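Shown next: run.tsv, given as TSV, C-alpha atoms.
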```tsv
chain	number	residue	atom	x	y	z
A	1	MET	CA	-50.02	-41.98	23.07
A	2	LYS	CA	-47.40	-39.21	23.40
A	3	GLU	CA	-47.87	-36.05	21.46
A	4	GLN	CA	-44.94	-34.82	19.39
A	5	TYR	CA	-44.06	-31.14	19.07
A	6	ASN	CA	-41.83	-29.57	16.45
A	7	LEU	CA	-39.84	-26.58	17.67
A	8	MET	CA	-38.27	-24.29	15.06
A	9	LEU	CA	-35.54	-21.84	16.05
A	10	GLN	CA	-34.45	-18.96	13.85
A	11	TYR	CA	-30.76	-18.09	13.98
A	12	ASN	CA	-28.25	-16.02	12.07
A	13	LEU	CA	-25.10	-17.82	10.95
A	14	GLN	CA	-23.21	-14.51	10.82
A	15	PHE	CA	-22.97	-14.55	14.63
A	16	PHE	CA	-20.73	-17.61	14.34
A	17	ALA	CA	-18.33	-15.84	11.97
A	18	LYS	CA	-14.84	-15.08	13.13
A	19	ASP	CA	-15.18	-11.29	13.20
A	20	GLY	CA	-18.84	-10.99	14.06
A	21	PRO	CA	-21.58	-9.66	11.75
A	22	GLY	CA	-20.37	-9.44	8.19
A	23	GLY	CA	-17.97	-12.36	8.43
A	24	GLU	CA	-14.21	-12.57	8.47
A	25	LYS	CA	-12.14	-9.68	7.12
A	26	THR	CA	-10.62	-11.31	4.05
A	27	GLU	CA	-11.07	-8.61	1.39
A	28	GLU	CA	-8.43	-6.06	0.44
A	29	PRO	CA	-9.32	-2.49	1.46
A	30	THR	CA	-10.92	-0.32	-1.18
A	31	SER	CA	-9.41	3.00	-2.24
A	32	LYS	CA	-12.28	4.82	-0.51
A	33	LYS	CA	-11.59	3.15	2.82
A	34	LEU	CA	-7.87	3.94	2.55
A	35	GLU	CA	-8.70	7.54	1.70
A	36	ASP	CA	-11.10	7.84	4.65
A	37	ALA	CA	-8.48	6.33	6.95
A	38	ARG	CA	-5.91	8.83	5.64
A	39	LYS	CA	-8.27	11.71	6.44
A	40	GLU	CA	-8.60	10.38	9.99
A	41	GLY	CA	-4.82	10.28	10.32
A	42	GLN	CA	-4.59	6.48	10.15
A	43	VAL	CA	-1.51	5.60	8.12
A	44	ALA	CA	1.20	2.94	8.08
A	45	LYS	CA	3.93	4.83	9.89
A	46	SER	CA	6.71	3.85	12.30
A	47	LYS	CA	7.70	6.38	14.95
A	48	GLU	CA	10.98	4.52	15.32
A	49	ILE	CA	12.14	5.67	11.85
A	50	ALA	CA	12.02	9.33	12.86
A	51	ASN	CA	13.57	8.57	16.25
A	52	ALA	CA	16.46	6.58	14.74
A	53	PHE	CA	17.37	9.17	12.10
A	54	SER	CA	16.97	12.03	14.60
A	55	ILE	CA	19.38	10.36	17.04
A	56	LEU	CA	21.85	9.64	14.25
A	57	ALA	CA	21.66	13.22	12.96
A	58	LEU	CA	22.02	14.59	16.51
A	59	PHE	CA	25.24	12.72	17.28
A	60	LEU	CA	26.73	13.29	13.82
A	61	VAL	CA	26.16	17.04	14.22
A	62	LEU	CA	27.60	16.89	17.72
A	63	LYS	CA	30.69	15.12	16.40
A	64	ILE	CA	31.25	17.97	13.93
A	65	TYR	CA	29.93	20.85	16.03
A	66	ILE	CA	31.06	19.86	19.53
A	67	GLY	CA	34.37	21.78	19.42
A	68	SER	CA	32.82	25.03	18.28
A	69	MET	CA	29.89	24.57	20.64
A	70	GLY	CA	32.20	23.99	23.62
A	71	THR	CA	34.18	27.13	22.81
A	72	ARG	CA	31.00	29.19	22.57
A	73	PHE	CA	29.70	27.75	25.87
A	74	ILE	CA	32.95	28.79	27.62
A	75	GLU	CA	32.75	32.27	26.06
A	76	CYS	CA	29.13	32.61	27.14
A	77	PHE	CA	29.81	31.62	30.76
A	78	SER	CA	32.91	33.85	30.88
A	79	ALA	CA	30.91	36.83	29.65
A	80	VAL	CA	28.18	36.19	32.24
A	81	TYR	CA	30.64	35.83	35.12
A	82	ASN	CA	32.46	39.00	34.05
A	83	GLN	CA	29.18	40.92	34.21
A	84	ILE	CA	28.50	39.95	37.83
A	85	PRO	CA	31.44	41.84	39.46
A	86	SER	CA	30.65	44.94	37.39
A	87	ALA	CA	27.02	44.83	38.47
A	88	ILE	CA	27.97	44.37	42.14
A	89	LYS	CA	30.43	47.24	41.95
A	90	MET	CA	27.80	49.45	40.34
A	91	TYR	CA	25.40	48.90	43.24
A	92	ASP	CA	28.02	49.25	46.02
A	93	GLY	CA	28.45	45.55	46.83
A	94	PHE	CA	24.81	44.64	46.38
A	95	LEU	CA	23.37	42.78	43.33
A	96	PRO	CA	19.66	43.50	42.81
A	97	VAL	CA	17.39	40.64	41.76
A	98	ALA	CA	16.33	42.52	38.63
A	99	SER	CA	19.93	42.84	37.45
A	100	LEU	CA	20.57	39.16	38.15
A	101	GLN	CA	17.46	38.25	36.12
A	102	VAL	CA	18.72	40.32	33.19
A	103	ILE	CA	22.12	38.56	33.30
A	104	ILE	CA	20.53	35.08	33.52
A	105	ARG	CA	18.06	35.90	30.73
A	106	SER	CA	20.89	37.04	28.49
A	107	MET	CA	22.78	33.81	29.24
A	108	MET	CA	19.73	31.64	28.43
A	109	VAL	CA	19.25	33.42	25.10
A	110	GLN	CA	22.88	32.78	24.18
A	111	LEU	CA	22.59	29.09	25.16
A	112	ILE	CA	19.44	28.68	23.06
A	113	ILE	CA	21.20	30.27	20.07
A	114	ILE	CA	24.10	27.82	20.49
A	115	ILE	CA	21.82	24.77	20.81
A	116	ALA	CA	19.27	25.90	18.16
A	117	PRO	CA	21.04	24.35	15.11
A	118	ILE	CA	21.01	20.92	16.74
A	119	LEU	CA	17.32	21.19	17.67
A	120	LEU	CA	16.43	22.52	14.22
A	121	ILE	CA	18.22	19.65	12.47
A	122	ALA	CA	16.42	17.10	14.70
A	123	VAL	CA	13.03	18.66	13.83
A	124	VAL	CA	13.78	18.76	10.09
A	125	VAL	CA	14.99	15.14	10.07
A	126	ALA	CA	11.87	13.94	11.95
A	127	PHE	CA	9.63	15.90	9.54
A	128	VAL	CA	11.35	14.52	6.44
A	129	CYS	CA	11.13	10.95	7.80
A	130	ASP	CA	7.36	11.30	8.31
A	131	VAL	CA	6.82	12.83	4.86
A	132	VAL	CA	8.84	10.07	3.18
A	133	GLN	CA	6.76	7.41	4.96
A	134	VAL	CA	3.24	8.77	4.39
A	135	LYS	CA	3.73	11.62	1.85
A	136	TRP	CA	2.50	15.17	2.36
A	137	LYS	CA	-1.19	15.33	3.19
A	138	PRO	CA	-1.78	17.13	6.49
A	139	THR	CA	-4.96	16.58	8.52
A	140	THR	CA	-6.24	18.01	11.79
A	141	LYS	CA	-8.50	15.06	12.60
A	142	PRO	CA	-6.06	13.40	15.07
A	143	LEU	CA	-5.86	16.70	17.01
A	144	GLN	CA	-9.61	16.92	17.49
A	145	PRO	CA	-10.85	15.78	20.93
A	146	LYS	CA	-12.54	12.38	21.01
A	147	PHE	CA	-14.72	12.05	24.07
A	148	ASN	CA	-15.11	8.28	23.63
A	149	LYS	CA	-11.47	7.99	24.73
A	150	LEU	CA	-12.57	9.24	28.17
A	151	ASN	CA	-14.56	6.06	28.64
A	152	PRO	CA	-12.69	4.14	31.41
A	153	ILE	CA	-13.90	0.75	30.20
A	154	LYS	CA	-12.55	1.34	26.68
A	155	GLY	CA	-9.40	2.79	28.24
A	156	PHE	CA	-8.73	-0.42	30.15
A	157	GLY	CA	-9.46	-2.32	26.95
A	158	ARG	CA	-6.76	-0.38	25.11
A	159	ILE	CA	-4.28	-0.87	27.96
A	160	PHE	CA	-4.70	-4.64	28.00
A	161	SER	CA	-5.16	-5.10	24.25
A	162	ALA	CA	-3.03	-7.23	21.95
A	163	ASN	CA	-1.55	-4.07	20.44
A	164	SER	CA	-0.38	-2.88	23.88
A	165	LEU	CA	1.22	-6.27	24.50
A	166	VAL	CA	3.08	-6.05	21.17
A	167	GLU	CA	4.30	-2.53	22.01
A	168	LEU	CA	5.50	-3.76	25.43
A	169	ILE	CA	7.45	-6.62	23.82
A	170	LYS	CA	8.97	-4.19	21.30
A	171	SER	CA	10.07	-1.83	24.09
A	172	ILE	CA	11.65	-4.64	26.10
A	173	ALA	CA	13.43	-5.92	22.98
A	174	LYS	CA	14.76	-2.43	22.18
A	175	LEU	CA	16.06	-1.96	25.71
A	176	ALA	CA	17.68	-5.39	25.70
A	177	VAL	CA	19.44	-4.95	22.34
A	178	ILE	CA	20.59	-1.38	23.01
A	179	GLY	CA	21.60	-2.24	26.58
A	180	TYR	CA	23.74	-5.14	25.39
A	181	MET	CA	25.36	-2.94	22.73
A	182	VAL	CA	26.16	-0.20	25.31
A	183	TYR	CA	27.60	-2.75	27.72
A	184	SER	CA	29.80	-4.28	25.03
A	185	TYR	CA	31.10	-0.88	23.89
A	186	LEU	CA	31.86	0.43	27.39
A	187	LYS	CA	33.49	-2.86	28.35
A	188	GLY	CA	35.96	-2.39	25.51
A	189	ARG	CA	36.85	1.16	26.65
A	190	VAL	CA	36.90	0.61	30.41
A	191	GLY	CA	40.67	1.16	30.44
A	192	GLN	CA	40.25	4.67	29.05
A	193	ILE	CA	37.53	5.43	31.58
A	194	TYR	CA	39.97	4.62	34.44
A	195	LEU	CA	42.32	7.29	33.03
A	196	LEU	CA	39.84	10.01	33.97
A	197	TYR	CA	41.44	10.18	37.43
A	198	ASP	CA	44.90	10.95	35.99
A	199	ILE	CA	44.17	13.52	33.28
A	200	THR	CA	43.21	17.20	33.29
A	201	LEU	CA	39.62	18.44	33.32
A	202	ASN	CA	39.66	19.50	29.65
A	203	GLN	CA	41.12	16.16	28.60
A	204	ALA	CA	38.50	14.32	30.67
A	205	ILE	CA	35.69	16.35	29.10
A	206	GLY	CA	37.08	15.61	25.62
A	207	LEU	CA	37.36	11.88	26.36
A	208	ILE	CA	33.85	11.68	27.78
A	209	GLY	CA	32.49	13.61	24.78
A	210	GLU	CA	34.23	11.23	22.38
A	211	ILE	CA	32.86	8.17	24.17
A	212	VAL	CA	29.34	9.59	24.37
A	213	ILE	CA	29.25	10.61	20.68
A	214	ASP	CA	30.67	7.30	19.41
A	215	LEU	CA	28.25	5.42	21.63
A	216	GLY	CA	25.35	7.56	20.40
A	217	ILE	CA	26.19	6.87	16.75
A	218	ARG	CA	26.31	3.12	17.47
A	219	ILE	CA	22.97	3.29	19.30
A	220	ALA	CA	21.47	5.16	16.32
A	221	ALA	CA	22.78	2.50	13.90
A	222	VAL	CA	21.21	-0.30	15.97
A	223	TYR	CA	18.05	1.76	16.36
A	224	MET	CA	17.80	2.09	12.55
A	225	VAL	CA	17.73	-1.69	12.17
A	226	ILE	CA	15.00	-1.88	14.81
A	227	ALA	CA	13.13	0.94	13.03
A	228	ALA	CA	13.26	-0.89	9.68
A	229	LEU	CA	11.76	-4.01	11.28
A	230	ASP	CA	9.12	-1.92	13.03
A	231	PHE	CA	8.22	-0.16	9.77
A	232	ALA	CA	7.69	-3.52	8.04
A	233	TYR	CA	5.51	-4.62	10.98
A	234	GLN	CA	3.47	-1.38	10.89
A	235	LYS	CA	2.83	-1.79	7.16
A	236	TRP	CA	1.64	-5.36	7.68
A	237	LYS	CA	-0.51	-4.42	10.67
A	238	PHE	CA	-2.11	-1.47	8.86
A	239	LYS	CA	-2.94	-3.69	5.89
A	240	GLU	CA	-4.55	-6.28	8.18
A	241	ASP	CA	-6.49	-3.63	10.10
A	242	MET	CA	-7.82	-2.10	6.89
A	243	LYS	CA	-9.11	-5.38	5.47
A	244	MET	CA	-12.86	-5.56	4.97
A	245	THR	CA	-15.55	-8.19	5.15
A	246	LYS	CA	-17.49	-9.12	2.02
A	247	GLN	CA	-20.53	-7.36	3.49
A	248	GLU	CA	-18.55	-4.14	4.06
A	249	VAL	CA	-17.38	-4.20	0.43
A	250	LYS	CA	-20.98	-4.65	-0.73
A	251	ASP	CA	-22.23	-1.84	1.52
A	252	GLU	CA	-19.52	0.51	0.29
A	253	TYR	CA	-20.34	-0.32	-3.30
A	254	LYS	CA	-23.99	0.43	-2.59
A	255	ASN	CA	-23.10	3.79	-1.05
A	256	GLN	CA	-20.86	4.75	-3.96
A	257	GLU	CA	-22.68	3.31	-6.93
A	258	GLY	CA	-26.17	2.95	-5.51
A	259	ASP	CA	-28.02	-0.18	-4.46
A	260	PRO	CA	-27.97	-2.65	-7.40
A	261	GLN	CA	-31.53	-3.71	-6.56
A	262	VAL	CA	-32.73	-0.11	-6.63
A	263	LYS	CA	-30.86	0.55	-9.86
A	264	GLY	CA	-32.32	-2.62	-11.34
A	265	LYS	CA	-35.84	-1.51	-10.42
A	266	GLN	CA	-35.20	1.91	-11.92
A	267	LYS	CA	-34.00	0.34	-15.18
A	268	GLN	CA	-37.05	-1.94	-15.19
A	269	ARG	CA	-39.37	1.04	-14.73
A	270	MET	CA	-37.58	2.87	-17.55
A	271	ARG	CA	-37.97	-0.16	-19.82
A	272	GLU	CA	-41.66	-0.40	-18.95
A	273	ALA	CA	-42.19	3.32	-19.64
A	274	SER	CA	-40.33	3.00	-22.94
A	275	MET	CA	-42.42	-0.03	-23.89
A	276	ARG	CA	-45.65	1.84	-23.10
A	277	ARG	CA	-44.60	4.74	-25.31
A	278	MET	CA	-43.62	2.29	-28.04
A	279	MET	CA	-46.97	0.51	-27.93
A	280	GLN	CA	-48.82	3.86	-27.94
A	281	GLN	CA	-46.99	4.92	-31.12
A	282	LEU	CA	-47.38	1.54	-32.79
A	283	PRO	CA	-50.80	2.30	-34.41
A	284	GLU	CA	-49.04	5.00	-36.48
A	285	ALA	CA	-46.83	2.38	-38.21
A	286	ASP	CA	-47.11	1.72	-41.95
A	287	VAL	CA	-46.02	-1.92	-41.79
A	288	VAL	CA	-44.78	-4.62	-39.36
A	289	ILE	CA	-41.99	-6.81	-40.73
A	290	THR	CA	-41.75	-10.24	-39.03
A	291	ASN	CA	-39.50	-13.29	-38.81
A	292	PRO	CA	-42.43	-14.52	-38.56
A	293	THR	CA	-42.33	-15.94	-34.98
A	294	HIS	CA	-39.26	-14.51	-33.23
A	295	TYR	CA	-38.94	-10.89	-34.38
A	296	ALA	CA	-41.29	-8.06	-35.27
A	297	VAL	CA	-40.25	-4.56	-36.40
A	298	ALA	CA	-42.74	-1.74	-37.02
A	299	ILE	CA	-41.71	0.75	-39.74
A	300	LYS	CA	-43.02	4.27	-40.37
A	301	TYR	CA	-42.19	6.56	-43.29
A	302	ASP	CA	-42.99	10.25	-42.90
A	303	PRO	CA	-41.16	12.38	-45.51
A	304	ASP	CA	-42.17	15.57	-43.67
A	305	LYS	CA	-40.36	14.35	-40.56
A	306	TYR	CA	-37.39	12.29	-41.81
A	307	ASP	CA	-35.73	11.61	-45.13
A	308	ALA	CA	-35.76	7.85	-44.49
A	309	PRO	CA	-38.14	5.34	-42.87
A	310	TYR	CA	-37.63	4.84	-39.13
A	311	VAL	CA	-38.38	2.12	-36.58
A	312	LEU	CA	-41.41	2.83	-34.40
A	313	ALA	CA	-41.28	-0.40	-32.39
A	314	LYS	CA	-39.49	-3.71	-32.27
A	315	GLY	CA	-39.65	-6.81	-30.13
A	316	GLU	CA	-38.63	-10.43	-29.74
A	317	ASP	CA	-40.70	-13.51	-28.95
A	318	TYR	CA	-43.56	-12.47	-26.58
A	319	LEU	CA	-43.17	-8.77	-27.37
A	320	ALA	CA	-43.09	-9.58	-31.10
A	321	GLN	CA	-46.43	-11.34	-30.72
A	322	ARG	CA	-47.87	-8.33	-28.85
A	323	ILE	CA	-46.72	-6.02	-31.68
A	324	LYS	CA	-48.43	-8.22	-34.24
A	325	ASP	CA	-51.63	-8.32	-32.17
A	326	VAL	CA	-51.73	-4.51	-31.97
A	327	ALA	CA	-50.99	-4.32	-35.70
A	328	ARG	CA	-53.98	-6.57	-36.46
A	329	GLU	CA	-56.22	-4.50	-34.18
A	330	ASN	CA	-55.25	-1.34	-36.11
A	331	ASN	CA	-55.31	-2.90	-39.60
A	332	ILE	CA	-51.57	-2.51	-40.08
A	333	GLU	CA	-50.10	-4.72	-42.78
A	334	ILE	CA	-47.87	-7.55	-41.49
A	335	VAL	CA	-45.20	-8.65	-43.97
A	336	GLU	CA	-43.02	-11.71	-43.46
A	337	ASN	CA	-39.39	-11.16	-44.42
A	338	LYS	CA	-36.98	-13.14	-42.22
A	339	PRO	CA	-33.60	-11.64	-43.28
A	340	LEU	CA	-34.92	-8.07	-43.24
A	341	ALA	CA	-36.63	-8.52	-39.86
A	342	ARG	CA	-33.42	-9.88	-38.30
A	343	MET	CA	-31.26	-7.11	-39.83
A	344	LEU	CA	-33.60	-4.33	-38.65
A	345	TYR	CA	-33.95	-5.79	-35.15
A	346	ALA	CA	-30.20	-6.20	-34.71
A	347	ASN	CA	-29.00	-2.90	-36.23
A	348	VAL	CA	-31.66	-0.21	-35.71
A	349	ASP	CA	-32.81	1.13	-32.33
A	350	ILE	CA	-36.33	2.29	-31.63
A	351	GLY	CA	-36.68	5.74	-33.21
A	352	GLY	CA	-33.62	5.13	-35.40
A	353	LEU	CA	-33.52	5.62	-39.15
A	354	VAL	CA	-33.19	2.69	-41.51
A	355	PRO	CA	-29.55	2.52	-42.74
A	356	PRO	CA	-28.86	3.17	-46.44
A	357	GLU	CA	-27.90	-0.43	-47.14
A	358	LEU	CA	-31.47	-1.50	-46.26
A	359	TYR	CA	-33.26	1.27	-48.19
A	360	GLN	CA	-33.98	-0.97	-51.19
A	361	ALA	CA	-35.44	-3.83	-49.13
A	362	VAL	CA	-37.60	-1.54	-46.95
A	363	ALA	CA	-38.72	0.50	-49.96
A	364	GLU	CA	-39.97	-2.68	-51.67
A	365	VAL	CA	-41.97	-3.63	-48.57
A	366	LEU	CA	-43.44	-0.12	-48.25
A	367	ALA	CA	-44.28	-0.09	-52.00
A	368	PHE	CA	-46.11	-3.38	-51.60
A	369	VAL	CA	-48.06	-2.08	-48.58
A	370	TYR	CA	-48.94	1.25	-50.25
A	371	HIS	CA	-50.07	-0.57	-53.42
A	372	ALA	CA	-52.25	-2.91	-51.34
A	373	LYS	CA	-53.87	0.06	-49.57
A	374	GLY	CA	-54.14	2.15	-52.72
A	375	LYS	CA	-51.67	4.79	-51.56
A	376	ALA	CA	-49.29	6.64	-53.86
```

Have the structure of the file written as structure tokens, please.
Amino acid sequence: MKEQYNLMLQYNLQFFAKDGPGGEKTEEPTSKKLEDARKEGQVAKSKEIANAFSILALFLVLKIYIGSMGTRFIECFSAVYNQIPSAIKMYDGFLPVASLQVIIRSMMVQLIIIIAPILLIAVVVAFVCDVVQVKWKPTTKPLQPKFNKLNPIKGFGRIFSANSLVELIKSIAKLAVIGYMVYSYLKGRVGQIYLLYDITLNQAIGLIGEIVIDLGIRIAAVYMVIAALDFAYQKWKFKEDMKMTKQEVKDEYKNQEGDPQVKGKQKQRMREASMRRMMQQLPEADVVITNPTHYAVAIKYDPDKYDAPYVLAKGEDYLAQRIKDVARENNIEIVENKPLARMLYANVDIGGLVPPELYQAVAEVLAFVYHAKGKA
């Protein structure tokens, strides 16, 4: 006869979940997680927005400023070239390196001053675009070195990740769209480009500048459409990345509010301590008013302490029976009054004074008890 063996295997169903331990990320991110992500510099932001508006601002400024800028460039170069003969003459036909450095340095400063407005406008536009997208809340966390990024295995993982593939597709799409737009524009102006051989240098420079600026504005307009689509994608991606599993939501709630099980145990211990104090004070009661089976309320009247009777203890069902048992052990009078017992149990907390509307009913019970015990 063959022997049969039962083999039991213990396994965790969470390992079969889509996103590993904790299950699938289906829950909306909590405000705490979004705030923590913000502190780490993780926000829904598209770099293409700043790039598009910066390019547009650059070419619009060039369209307005190009004439003045060209004039100032010519004046700058003329001034530099005029300094060279004077310097050579001063040193008897020889131009020292130090003098040449001074001339070139002066020219570079003048060029930077001429170009500075364009660069400043590009920086301001990029800054405003970022603030509009994510609002003003600076953080230095992204600037801090993260040594885990030096891990070559994780580095290869980032290179060949789904996010890298999406970025590659976006780059190819941008190049394709902008390339087609540039080709179409230049194809329409090819006749003007052939005229460059037959016009003067200044006219050629003006024509090339006009073509470049118009083309730049068109590229910026196309880029803005691409940026809008990319911004919508970044918002969707950030929302998906921030989603949480049910377990993560529970863990965060525990960290913020405390473990519900621990809080429940604390409340239970507080109830037990309160019940012990109540039962210890119960022998001091003057009377126990009952339902008679469901409710029991112990009343004490001490004119030196309070102006009205107060509730020493109260309970329902099992606790009501315990109160009555202690009352019998301590020779405390038990009076059955169903309406009064229900009213006291429902409206007066332990240690609370009897409300004025129940004075008459409680006073009658106390008078009966005092008369039975021979008290005044």

Using the file's own x, y and z axes, what box holds all listed atoms of segment 66-81 of chain A with 5 Å on each side, keeping edges along x, y and z, and what are its centre and edge lengths in Å to one decimal, as JSON?
```
{"center_x": 31.3, "center_y": 28.3, "center_z": 26.7, "size_x": 16.2, "size_y": 27.0, "size_z": 26.8}
```

Problem set entry | Neighbour residues at most 12 Å from (38.1, 5.0, 28.3) (only C-alpha atoms) as a list in words | Tyr185, Leu186, Lys187, Gly188, Arg189, Val190, Gly191, Gln192, Ile193, Tyr194, Leu195, Leu196, Tyr197, Asp198, Ile199, Gln203, Ala204, Ile205, Gly206, Leu207, Ile208, Gly209, Glu210, Ile211, Val212, Asp214 and Leu215 of chain A

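Here atom CA of Asn202 of chain A and atom CA of Ile217 of chain A stand 22.5 Å from one another.
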
Problem set entry | All residues 7 Å or closer to segment 101-118 of chain A, all atoms listed in the file, same chain fewer than 4 positions away omitted, as a list in words |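 Once the nearby chain positions are removed, what remains is Leu58, Val61, Met69, Cys76, Val80, Val97 and Ala122 of chain A.
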
Problem set entry | Residue with smallest distance to Lys235 of chain A - pool A:Ile121, A:Val134, A:Ala221, A:Val369, counting all atoms listed in the file |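 Checking each candidate against Lys235 of chain A, we get A:Val134 as the closest.
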
Problem set entry | Atomic distance atom CA of Leu62 of chain A - atom CA of Ile74 of chain A, expressed in Å with one decimal |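 So the two atoms, atom CA of Leu62 of chain A and atom CA of Ile74 of chain A, lie 16.4 Å apart.
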
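In this comparison, which uses only C-alpha atoms, the residue of A:Val166, A:Asn330, A:Ala320, A:Pro303 approaching Glu284 of chain A most closely is A:Asn330.
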
I want to know what sits within 8 Å of Glu316 of chain A, based on all atoms listed in the file, with residues of the same chain fewer than 3 positions away left out; could you give that as a short mmCIF file (atom, residue, chain, number, x, y, z; two decimals) with C-alpha atoms, in the frame of the given file?
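Result written to selection.cif:
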```
data_model
loop_
_atom_site.label_atom_id
_atom_site.label_comp_id
_atom_site.auth_asym_id
_atom_site.auth_seq_id
_atom_site.Cartn_x
_atom_site.Cartn_y
_atom_site.Cartn_z
CA HIS A 294 -39.26 -14.51 -33.23
CA TYR A 295 -38.94 -10.89 -34.38
CA ALA A 296 -41.29 -8.06 -35.27
CA LEU A 319 -43.17 -8.77 -27.37
CA ALA A 320 -43.09 -9.58 -31.10
CA GLN A 321 -46.43 -11.34 -30.72
#
```

For this session: For atom CA of Ala228 of chain A and atom CA of Lys32 of chain A, quote the distance in Å rounded to one decimal.
Result: 28.1 Å

Exercise. Looking at all atoms listed in the file, which of A:Ile213, A:Val132, A:Ile88, A:Ile49 is the one that sits closest to Lys63 of chain A?
Worked result: A:Ile213

Problem set entry | For Val124 of chain A, the nearest of the candidates A:Ala57, A:Leu229, A:Ala285, A:Ile66, counting all atoms listed in the file | A:Ala57

Determine, counting all atoms listed in the file, which protein, DNA and RNA residues have an atom within 12 Å of an atom of Met279 of chain A; residues of the same chain fewer than 2 positions away are not included. Present the result as a CSV table (one decimal) with C-alpha atoms, in the coordinates of the input.
```csv
chain,number,residue,atom,x,y,z
A,272,GLU,CA,-41.7,-0.4,-19.0
A,273,ALA,CA,-42.2,3.3,-19.6
A,274,SER,CA,-40.3,3.0,-22.9
A,275,MET,CA,-42.4,0.0,-23.9
A,276,ARG,CA,-45.6,1.8,-23.1
A,277,ARG,CA,-44.6,4.7,-25.3
A,281,GLN,CA,-47.0,4.9,-31.1
A,282,LEU,CA,-47.4,1.5,-32.8
A,283,PRO,CA,-50.8,2.3,-34.4
A,284,GLU,CA,-49.0,5.0,-36.5
A,285,ALA,CA,-46.8,2.4,-38.2
A,297,VAL,CA,-40.2,-4.6,-36.4
A,298,ALA,CA,-42.7,-1.7,-37.0
A,312,LEU,CA,-41.4,2.8,-34.4
A,313,ALA,CA,-41.3,-0.4,-32.4
A,314,LYS,CA,-39.5,-3.7,-32.3
A,315,GLY,CA,-39.6,-6.8,-30.1
A,319,LEU,CA,-43.2,-8.8,-27.4
A,320,ALA,CA,-43.1,-9.6,-31.1
A,322,ARG,CA,-47.9,-8.3,-28.8
A,323,ILE,CA,-46.7,-6.0,-31.7
A,324,LYS,CA,-48.4,-8.2,-34.2
A,325,ASP,CA,-51.6,-8.3,-32.2
A,326,VAL,CA,-51.7,-4.5,-32.0
A,327,ALA,CA,-51.0,-4.3,-35.7
A,330,ASN,CA,-55.2,-1.3,-36.1
A,350,ILE,CA,-36.3,2.3,-31.6
```

For this session: Tell me, as a PyMOL selection string, which residues lie within 8 Å of segment 335-339 of chain A, counting all atoms listed in the file; anything in the same chain fewer than 6 positions away does not count.
Result: chain A and resi 287-292+365

Exercise. In terms of the shortest atom-to-atom distance over only C-alpha atoms, which of A:Ser78, A:Lys39, A:Ser99, A:Gly216 is closest to Ile55 of chain A?
Worked result: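 Closest to Ile55 of chain A of all the choices is A:Gly216.
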